[in-house]
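Enquirer: My structure file my_file_12.txt, compact mmCIF, C-alpha atoms, is below:
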```
# COMPACT_ATOMS: atom_id res chain seq x y z
CA MET A 25 -33.79 -9.51 -4.18
CA LYS A 26 -33.04 -8.64 -7.81
CA ASP A 27 -31.35 -5.35 -8.71
CA ILE A 28 -33.63 -2.51 -9.81
CA THR A 29 -32.78 -1.07 -13.24
CA LEU A 30 -33.20 2.37 -14.80
CA LYS A 31 -35.67 0.78 -17.24
CA GLU A 32 -37.99 -0.32 -14.40
CA ILE A 33 -37.99 3.17 -12.86
CA ALA A 34 -38.66 4.69 -16.29
CA THR A 35 -41.55 2.28 -16.94
CA LYS A 36 -43.19 2.96 -13.57
CA LEU A 37 -43.01 6.73 -14.13
CA GLY A 38 -43.85 6.65 -17.85
CA ILE A 39 -40.67 8.50 -18.88
CA SER A 40 -37.57 7.58 -20.88
CA ILE A 41 -34.51 5.79 -19.47
CA THR A 42 -32.43 8.81 -20.53
CA THR A 43 -34.60 11.14 -18.45
CA VAL A 44 -34.25 8.87 -15.42
CA SER A 45 -30.48 8.79 -15.85
CA LYS A 46 -30.28 12.56 -16.20
CA ALA A 47 -32.55 13.12 -13.19
CA LEU A 48 -30.33 10.96 -10.99
CA LYS A 49 -27.29 12.91 -12.17
CA ASN A 50 -29.06 16.26 -11.52
CA TYR A 51 -28.94 17.47 -15.14
CA PRO A 52 -30.34 21.04 -15.49
CA ASP A 53 -32.59 20.15 -18.47
CA VAL A 54 -34.80 17.91 -16.28
CA SER A 55 -37.56 19.63 -14.25
CA GLU A 56 -37.38 19.67 -10.47
CA LYS A 57 -40.71 17.85 -10.30
CA THR A 58 -39.41 14.99 -12.46
CA LYS A 59 -36.12 14.84 -10.55
CA LYS A 60 -38.01 14.53 -7.27
CA ALA A 61 -40.27 11.80 -8.62
CA VAL A 62 -37.30 9.82 -9.94
CA ILE A 63 -35.22 10.19 -6.77
CA ASP A 64 -38.16 9.31 -4.50
CA LEU A 65 -38.95 6.15 -6.46
CA ALA A 66 -35.27 5.18 -6.71
CA GLN A 67 -34.95 5.42 -2.93
CA LYS A 68 -38.19 3.53 -2.37
CA LEU A 69 -37.04 0.68 -4.65
CA HIS A 70 -33.48 0.73 -3.17
CA TYR A 71 -31.94 1.44 -6.56
CA THR A 72 -28.14 1.43 -6.73
CA PRO A 73 -26.08 2.17 -9.86
CA ASN A 74 -24.57 -0.80 -11.67
CA SER A 75 -20.90 -0.26 -10.86
CA PHE A 76 -19.78 -2.69 -13.56
CA ALA A 77 -21.67 -0.71 -16.22
CA VAL A 78 -20.29 2.55 -14.84
CA ASN A 79 -16.78 1.10 -14.98
CA LEU A 80 -17.24 0.10 -18.60
CA ARG A 81 -18.25 3.65 -19.48
CA THR A 82 -15.57 5.43 -17.48
CA LYS A 83 -12.86 2.77 -17.92
CA GLU A 84 -12.24 3.05 -14.18
CA SER A 85 -12.94 0.54 -11.43
CA LYS A 86 -12.21 3.06 -8.63
CA THR A 87 -10.29 0.27 -6.89
CA ILE A 88 -6.59 -0.23 -6.32
CA GLY A 89 -4.69 -3.32 -5.24
CA LEU A 90 -2.28 -3.37 -2.29
CA ILE A 91 0.04 -6.34 -1.76
CA ILE A 92 2.15 -6.47 1.39
CA PRO A 93 4.28 -9.23 2.94
CA GLU A 94 2.61 -9.13 6.36
CA VAL A 95 -0.57 -7.45 7.62
CA MET A 96 0.16 -7.82 11.36
CA HIS A 97 3.55 -6.08 11.24
CA HIS A 98 3.27 -2.67 12.94
CA PHE A 99 5.15 -0.94 10.10
CA PHE A 100 2.86 -2.36 7.40
CA SER A 101 -0.34 -1.87 9.41
CA ASN A 102 0.50 1.86 9.64
CA ILE A 103 1.09 1.97 5.89
CA ILE A 104 -2.24 0.19 5.22
CA ASN A 105 -4.14 2.69 7.36
CA ALA A 106 -2.51 5.65 5.62
CA ILE A 107 -3.23 4.23 2.14
CA ILE A 108 -6.87 3.48 3.01
CA ASP A 109 -7.34 7.02 4.37
CA GLU A 110 -5.87 8.62 1.25
CA ALA A 111 -7.81 6.29 -1.06
CA GLU A 112 -11.09 7.08 0.67
CA LYS A 113 -10.48 10.82 0.32
CA ASN A 114 -10.10 10.30 -3.41
CA GLY A 115 -13.04 7.92 -3.93
CA TYR A 116 -11.07 4.66 -4.21
CA LEU A 117 -11.52 1.29 -2.54
CA VAL A 118 -8.45 -0.77 -1.60
CA ILE A 119 -8.13 -4.53 -2.12
CA ILE A 120 -5.56 -5.65 0.50
CA LEU A 121 -3.66 -8.89 -0.07
CA GLN A 122 -0.92 -10.52 2.03
CA SER A 123 1.85 -12.46 0.29
CA ASN A 124 3.20 -14.10 3.46
CA GLU A 125 6.69 -13.56 1.98
CA SER A 126 5.81 -16.11 -0.73
CA LEU A 127 6.72 -15.49 -4.36
CA ALA A 128 4.16 -18.06 -5.57
CA LEU A 129 1.34 -16.39 -3.63
CA GLU A 130 2.46 -12.93 -4.73
CA LYS A 131 2.26 -14.03 -8.38
CA LYS A 132 -1.31 -15.30 -7.90
CA GLN A 133 -2.30 -12.06 -6.20
CA VAL A 134 -0.90 -9.93 -9.01
CA GLU A 135 -2.82 -12.06 -11.54
CA LEU A 136 -5.99 -11.62 -9.47
CA LEU A 137 -5.62 -7.83 -9.37
CA ILE A 138 -4.97 -7.66 -13.12
CA ASN A 139 -8.08 -9.77 -13.78
CA LYS A 140 -10.09 -7.51 -11.44
CA ARG A 141 -9.01 -4.60 -13.65
CA VAL A 142 -7.89 -2.47 -10.73
CA ASP A 143 -6.85 1.07 -11.65
CA GLY A 144 -3.45 0.72 -10.02
CA ILE A 145 -1.26 -1.54 -7.89
CA LEU A 146 0.87 -0.83 -4.81
CA ILE A 147 3.30 -3.51 -3.67
CA SER A 148 5.97 -4.19 -1.09
CA LEU A 149 7.77 -7.25 -2.40
CA SER A 150 8.02 -10.58 -0.61
CA ASN A 151 11.46 -11.77 0.47
CA GLU A 152 11.51 -14.22 -2.46
CA SER A 153 10.52 -11.69 -5.10
CA ASN A 154 12.57 -9.48 -7.41
CA ASN A 155 12.08 -8.31 -11.00
CA ASP A 156 10.08 -11.45 -11.80
CA GLU A 157 7.69 -12.06 -14.69
CA HIS A 158 4.58 -11.05 -12.75
CA ILE A 159 6.17 -7.65 -11.99
CA LYS A 160 7.14 -7.22 -15.65
CA GLU A 161 3.55 -8.12 -16.61
CA ILE A 162 2.17 -5.18 -14.58
CA ILE A 163 4.63 -2.81 -16.25
CA ASN A 164 4.10 -4.22 -19.76
CA ARG A 165 0.33 -3.81 -19.40
CA LYS A 166 0.95 -0.16 -18.44
CA ILE A 167 -1.02 -0.52 -15.21
CA PRO A 168 -0.13 2.35 -12.84
CA PHE A 169 2.28 0.78 -10.39
CA VAL A 170 4.27 1.84 -7.31
CA MET A 171 6.67 -0.23 -5.23
CA PHE A 172 7.38 0.82 -1.64
CA ASP A 173 9.76 -0.24 1.13
CA LYS A 174 10.82 -3.65 -0.27
CA ILE A 175 11.55 -2.93 -3.90
CA SER A 176 13.50 -4.21 -6.89
CA LYS A 177 16.00 -1.75 -8.31
CA LEU A 178 15.66 -3.55 -11.66
CA SER A 179 11.95 -2.77 -12.08
CA LYS A 180 11.10 0.30 -14.17
CA CYS A 181 8.32 1.77 -12.05
CA SER A 182 7.83 4.42 -9.39
CA LYS A 183 9.19 3.66 -5.93
CA VAL A 184 8.90 5.10 -2.41
CA ILE A 185 11.88 4.16 -0.28
CA ILE A 186 14.22 5.15 2.47
CA ASP A 187 18.02 5.14 2.17
CA ASP A 188 18.55 1.81 3.95
CA GLN A 189 22.33 1.99 3.59
CA LYS A 190 22.49 5.43 5.20
CA ALA A 191 20.00 4.48 7.94
CA ALA A 192 21.94 1.30 8.81
CA PHE A 193 25.24 3.18 8.70
CA ASN A 194 23.89 5.74 11.18
CA ALA A 195 22.59 3.00 13.48
CA VAL A 196 25.94 1.21 13.59
CA GLN A 197 27.84 4.49 13.88
CA HIS A 198 25.73 5.26 16.96
CA LEU A 199 26.84 1.97 18.54
CA ILE A 200 30.48 2.74 17.72
CA ASP A 201 30.17 6.28 19.12
CA ASN A 202 28.96 4.70 22.34
CA GLY A 203 31.99 2.46 22.70
CA CYS A 204 31.12 -0.69 20.73
CA LYS A 205 34.02 -2.42 19.01
CA LYS A 206 32.68 -5.92 18.27
CA ILE A 207 29.28 -5.55 16.60
CA VAL A 208 27.02 -8.35 15.40
CA HIS A 209 24.58 -7.81 12.54
CA LEU A 210 21.40 -9.87 12.46
CA ARG A 211 20.60 -9.38 8.79
CA GLY A 212 17.59 -10.33 6.70
CA PRO A 213 17.34 -12.83 3.81
CA LEU A 214 19.80 -12.49 0.94
CA ASN A 215 17.29 -11.34 -1.70
CA PRO A 216 15.32 -8.25 -0.55
CA GLN A 217 16.97 -4.96 -1.46
CA ASN A 218 16.43 -3.42 1.97
CA SER A 219 18.14 -6.41 3.60
CA ILE A 220 21.09 -6.05 1.21
CA ASP A 221 21.37 -2.30 1.76
CA ARG A 222 21.24 -2.52 5.57
CA TYR A 223 24.01 -5.12 5.44
CA ILE A 224 26.09 -2.82 3.22
CA GLY A 225 25.46 0.10 5.58
CA TYR A 226 26.68 -2.03 8.50
CA LYS A 227 29.89 -2.89 6.65
CA LYS A 228 30.50 0.73 5.62
CA ALA A 229 30.24 1.93 9.22
CA LEU A 230 32.81 -0.65 10.32
CA GLU A 231 35.11 0.33 7.46
CA LYS A 232 34.89 4.05 8.21
CA ASN A 233 35.86 3.40 11.83
CA ASN A 234 38.70 0.99 10.98
CA ILE A 235 36.92 -1.98 12.55
CA PRO A 236 37.74 -5.18 10.61
CA PHE A 237 34.72 -6.91 9.06
CA ASP A 238 34.20 -10.46 10.35
CA SER A 239 31.65 -12.59 8.47
CA LYS A 240 31.25 -14.75 11.61
CA LEU A 241 29.54 -11.77 13.26
CA VAL A 242 26.76 -11.76 10.64
CA TYR A 243 23.73 -14.00 11.23
CA THR A 244 21.00 -14.38 8.58
CA CYS A 245 17.34 -14.34 9.61
CA GLU A 246 15.33 -16.19 6.96
CA ASN A 247 11.91 -15.15 8.27
CA VAL A 248 12.83 -12.07 10.34
CA THR A 249 10.94 -13.15 13.47
CA PHE A 250 11.04 -12.74 17.26
CA ASP A 251 11.97 -16.42 17.59
CA GLU A 252 15.00 -15.96 15.33
CA GLY A 253 16.11 -13.12 17.59
CA VAL A 254 15.91 -15.43 20.61
CA TYR A 255 17.66 -18.25 18.74
CA PHE A 256 20.56 -16.13 17.48
CA ALA A 257 20.99 -14.34 20.82
CA LYS A 258 21.85 -17.70 22.38
CA HIS A 259 24.36 -18.46 19.61
CA ILE A 260 25.91 -15.00 19.75
CA ILE A 261 26.68 -15.28 23.46
CA GLU A 262 27.99 -18.85 23.09
CA GLU A 263 30.15 -18.09 20.03
CA HIS A 264 31.18 -14.49 20.78
CA PRO A 265 30.96 -13.86 24.53
CA ASP A 266 32.88 -10.59 24.13
CA VAL A 267 30.41 -9.04 21.66
CA ASP A 268 29.42 -5.55 22.81
CA GLY A 269 26.96 -4.36 20.15
CA ILE A 270 24.11 -5.77 18.03
CA PHE A 271 22.39 -4.18 15.03
CA ALA A 272 19.20 -6.06 14.08
CA ILE A 273 17.43 -5.91 10.71
CA THR A 274 14.11 -5.09 12.47
CA ASP A 275 12.82 -4.28 15.94
CA LEU A 276 10.99 -7.63 16.05
CA VAL A 277 14.31 -9.50 15.84
CA ALA A 278 15.94 -7.08 18.29
CA VAL A 279 13.12 -7.66 20.80
CA GLY A 280 13.80 -11.41 20.57
CA VAL A 281 17.47 -10.76 21.40
CA LEU A 282 16.56 -8.46 24.28
CA SER A 283 14.10 -11.02 25.65
CA TYR A 284 16.76 -13.74 25.70
CA PHE A 285 19.31 -11.42 27.32
CA ASN A 286 16.84 -10.35 30.01
CA ASP A 287 16.00 -13.99 30.78
CA HIS A 288 19.68 -14.91 31.06
CA LYS A 289 20.83 -11.89 33.09
CA ILE A 290 22.90 -10.40 30.29
CA LYS A 291 22.85 -6.68 31.00
CA VAL A 292 21.74 -4.27 28.28
CA PRO A 293 23.32 -1.78 27.65
CA GLU A 294 26.12 -2.44 30.19
CA GLN A 295 27.38 -5.66 28.56
CA VAL A 296 25.80 -5.46 25.12
CA LYS A 297 24.19 -2.51 23.36
CA ILE A 298 21.31 -3.18 20.94
CA ILE A 299 19.68 -1.15 18.18
CA GLY A 300 16.80 -2.23 15.95
CA PHE A 301 15.06 -0.85 12.88
CA SER A 302 11.51 0.42 12.15
CA ASN A 303 10.38 1.98 15.49
CA TRP A 304 7.82 -0.70 16.32
CA PHE A 305 5.50 0.50 19.11
CA MET A 306 6.75 -2.30 21.40
CA SER A 307 10.25 -0.82 21.30
CA GLN A 308 9.09 1.95 23.66
CA VAL A 309 7.50 -0.29 26.31
CA LEU A 310 10.34 -2.77 26.86
CA THR A 311 12.89 -2.75 29.64
CA PRO A 312 15.27 -1.32 28.66
CA LYS A 313 13.58 0.74 25.93
CA LEU A 314 14.94 -0.20 22.51
CA SER A 315 16.97 2.21 20.38
CA THR A 316 15.90 2.02 16.76
CA VAL A 317 15.80 3.62 13.32
CA ASP A 318 12.53 5.46 12.82
CA GLN A 319 10.92 4.52 9.49
CA PRO A 320 8.20 7.01 8.48
CA SER A 321 5.48 4.40 7.88
CA ASN A 322 2.51 6.77 7.78
CA GLU A 323 4.31 9.13 5.40
CA MET A 324 5.31 6.19 3.21
CA GLY A 325 1.65 5.16 2.85
CA VAL A 326 0.50 8.70 2.02
CA VAL A 327 3.28 9.35 -0.49
CA SER A 328 2.88 5.92 -2.13
CA PHE A 329 -0.84 6.36 -2.73
CA ASN A 330 -0.50 9.91 -4.05
CA LEU A 331 2.28 8.90 -6.41
CA LEU A 332 0.02 6.11 -7.70
CA LEU A 333 -2.89 8.56 -7.98
CA GLU A 334 -0.76 10.89 -10.07
CA GLU A 335 0.07 8.06 -12.46
CA MET A 336 -3.56 6.88 -12.58
CA ASN A 337 -4.73 10.39 -13.47
CA CYS A 338 -2.13 10.60 -16.24
CA HIS A 339 -3.19 7.17 -17.50
CA LYS A 340 -6.87 8.17 -17.51
CA ASN A 341 -6.14 11.36 -19.48
CA ASP A 342 -3.63 9.77 -21.90
CA ILE A 343 -0.78 11.86 -20.50
CA GLU A 344 2.69 10.32 -20.50
CA PHE A 345 3.95 9.56 -16.98
CA THR A 346 7.63 9.18 -16.12
CA PRO A 347 8.25 6.85 -13.14
CA ARG A 348 10.24 8.37 -10.31
CA THR A 349 11.67 7.40 -6.95
CA ILE A 350 10.85 9.31 -3.77
CA GLU A 351 13.20 8.89 -0.83
CA LEU A 352 11.94 9.58 2.69
CA GLU A 353 14.11 10.65 5.64
CA THR A 354 14.89 8.43 8.63
CA ASN A 355 16.50 9.15 11.98
CA VAL A 356 18.03 7.21 14.84
CA LEU A 357 15.94 7.20 18.01
CA ILE A 358 18.31 6.82 20.96
CA ARG A 359 16.82 4.99 23.93
CA GLU A 360 18.16 3.01 26.91
CA SER A 361 19.36 -0.13 25.06
CA SER A 362 22.32 1.62 23.43
CA LEU A 363 23.31 4.32 25.93
CA LYS A 364 26.93 4.72 26.92
CA THR A 365 27.76 3.32 30.36
CA ASP A 366 30.67 3.90 32.73
CA ASN A 367 31.99 0.32 32.76
```
Take the structure in the file and write it out as structure tokens.

Expert:
Amino acid sequence: MKDITLKEIATKLGISITTVSKALKNYPDVSEKTKKAVIDLAQKLHYTPNSFAVNLRTKESKTIGLIIPEVMHHFFSNIINAIIDEAEKNGYLVIILQSNESLALEKKQVELLINKRVDGILISLSNESNNDEHIKEIINRKIPFVMFDKISKLSKCSKVIIDDQKAAFNAVQHLIDNGCKKIVHLRGPLNPQNSIDRYIGYKKALEKNNIPFDSKLVYTCENVTFDEGVYFAKHIIEEHPDVDGIFAITDLVAVGVLSYFNDHKIKVPEQVKIIGFSNWFMSQVLTPKLSTVDQPSNEMGVVSFNLLLEEMNCHKNDIEFTPRTIELETNVLIRESSLKTDN
């Protein structure tokens, strides 16, 4: 079925295209009788406005692009829902793309969004990404742009973050306060800023409490998965049987550790205390329940979209916008896996 045009409606009613357009937009200089005739015929013919033509006139697509590393991750799924809700309230559609932690795919997705002429782009970087050329291209084209969660400190754009160093410090300090003296860190890949900062926070907590740093107690998760948690749990117990605390880069990795320990009768928290990061919903239904750092995922989605909206509105009205960074609060949620025991 071909699209109905304003010209066809005008021809059928014997009026001008301009009058049809004004009637559909409820202009006061068109009579109520004419408006009714136009609207009735438009509905009968299933007329819909040509969004491409509207976009050319308004210089807006009313769409934004959202690139995330992983759709299925609880943290990112919460962010997606929050962004979609905020976008819908403000008349925007969201194109959601998943980079799968791949720099090559992320570059293609950025190119796609630029070619689609989206009004703005939100991105949480893949593990391989930094201040690469595709990121610079967004900024150089002056496309409204916000990074969130996994960011590059080198990129000159707005950002919504948490203080990963402080959050990690507090997590490790909690383990120390509950008697841990030999603490393993299951860190993330070497590139992402949040992985770097959580590692630094871990080291700072040890330093403050006069616990010597031992690089052998740091294990690097390349993909940050449940299976890596299981794999490294086995190695930790074999290589460091006297370890008494574990701080994992995410809850997903921590759950892998806890699963291995439960299967091999290693008591948590009596023998080893564990704390994760992100407050994944599964952390509350495990035995024992997993202590974690609560990341405000819903708030991060809301704040990220509204910061982008502010920049898009400035861009639309030729008002200069100065990028800024918004830092959200975190807190340690203490559950059974890290509680102090008598032994």

Enquirer: Between A:Ile358, A:Ile186, A:Ile270, A:Cys245, which is the closest to A:Leu314 once you count all atoms listed in the file?

Expert: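 Of A:Ile358, A:Ile186, A:Ile270, A:Cys245, the one nearest A:Leu314 is A:Ile358, counting all atoms listed in the file.
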
Enquirer: For A:Val184, please output as a list of chain:residue names all residues within 8 Å (counting only C-alpha atoms; exclusion window: fewer than 2 positions along the same chain).

Expert: A:Val170, A:Met171, A:Phe172, A:Asp173, A:Ser182, A:Ile186, A:Met324, A:Val327, A:Ser328, A:Thr349, A:Ile350, A:Glu351, A:Leu352

Enquirer: Using only C-alpha atoms, can you list as a VMD selection string the residues within 12 Å of (24.6, 8.0, 13.3)?

Expert: chain A and resid 189 to 202 225 to 226 229 299 315 to 317 354 to 358

Enquirer: What is the distance, in Å and to one decimal place, between atom CA of A:Arg165 and atom CA of A:Pro93?

Expert: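 Atom CA of A:Arg165 sits 23.3 Å away from atom CA of A:Pro93.
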
Enquirer: Check the smallest atom-to-atom distance from each of A:Lys113, A:His209, A:Lys228, A:Lys183 to A:Leu146 using all atoms listed in the file, then report the winner.

Expert: A:Lys183

Enquirer: Just the number, please: distance in Å from atom CA of A:Asp143 to atom CA of A:Ala128, one decimal.

Expert: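 Going from atom CA of A:Asp143 over to atom CA of A:Ala128, I get 22.9 Å.
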
Enquirer: When you count only C-alpha atoms, which of these residues is closest to A:Ile298: A:Lys177, A:Lys166, A:His98, A:Lys364?

Expert: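 Answer, going by the shortest atom-to-atom distance: A:Lys364.
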
Enquirer: For the atom pair atom CA of A:Cys204 and atom CA of A:Lys297, what is the interatomic distance in Å to one decimal place?

Expert: 7.6 Å

Enquirer: Find the residues with any atom within 9 Å of (13.4, -13.8, 14.9); use all atoms listed in the file and the coordinates as given in the file, and write the answer as a PyMOL selection string.

Expert: chain A and resi 245-256+276-281

Enquirer: Got time to write the residues from that selection, C-alpha atoms, as a short mmCIF file (atom, residue, chain, number, x, y, z; two decimals), keeping the file's coordinate frame?

Expert:
```cif
data_model
loop_
_atom_site.label_atom_id
_atom_site.label_comp_id
_atom_site.auth_asym_id
_atom_site.auth_seq_id
_atom_site.Cartn_x
_atom_site.Cartn_y
_atom_site.Cartn_z
CA CYS A 245 17.34 -14.34 9.61
CA GLU A 246 15.33 -16.19 6.96
CA ASN A 247 11.91 -15.15 8.27
CA VAL A 248 12.83 -12.07 10.34
CA THR A 249 10.94 -13.15 13.47
CA PHE A 250 11.04 -12.74 17.26
CA ASP A 251 11.97 -16.42 17.59
CA GLU A 252 15.00 -15.96 15.33
CA GLY A 253 16.11 -13.12 17.59
CA VAL A 254 15.91 -15.43 20.61
CA TYR A 255 17.66 -18.25 18.74
CA PHE A 256 20.56 -16.13 17.48
CA LEU A 276 10.99 -7.63 16.05
CA VAL A 277 14.31 -9.50 15.84
CA ALA A 278 15.94 -7.08 18.29
CA VAL A 279 13.12 -7.66 20.80
CA GLY A 280 13.80 -11.41 20.57
CA VAL A 281 17.47 -10.76 21.40
#
```
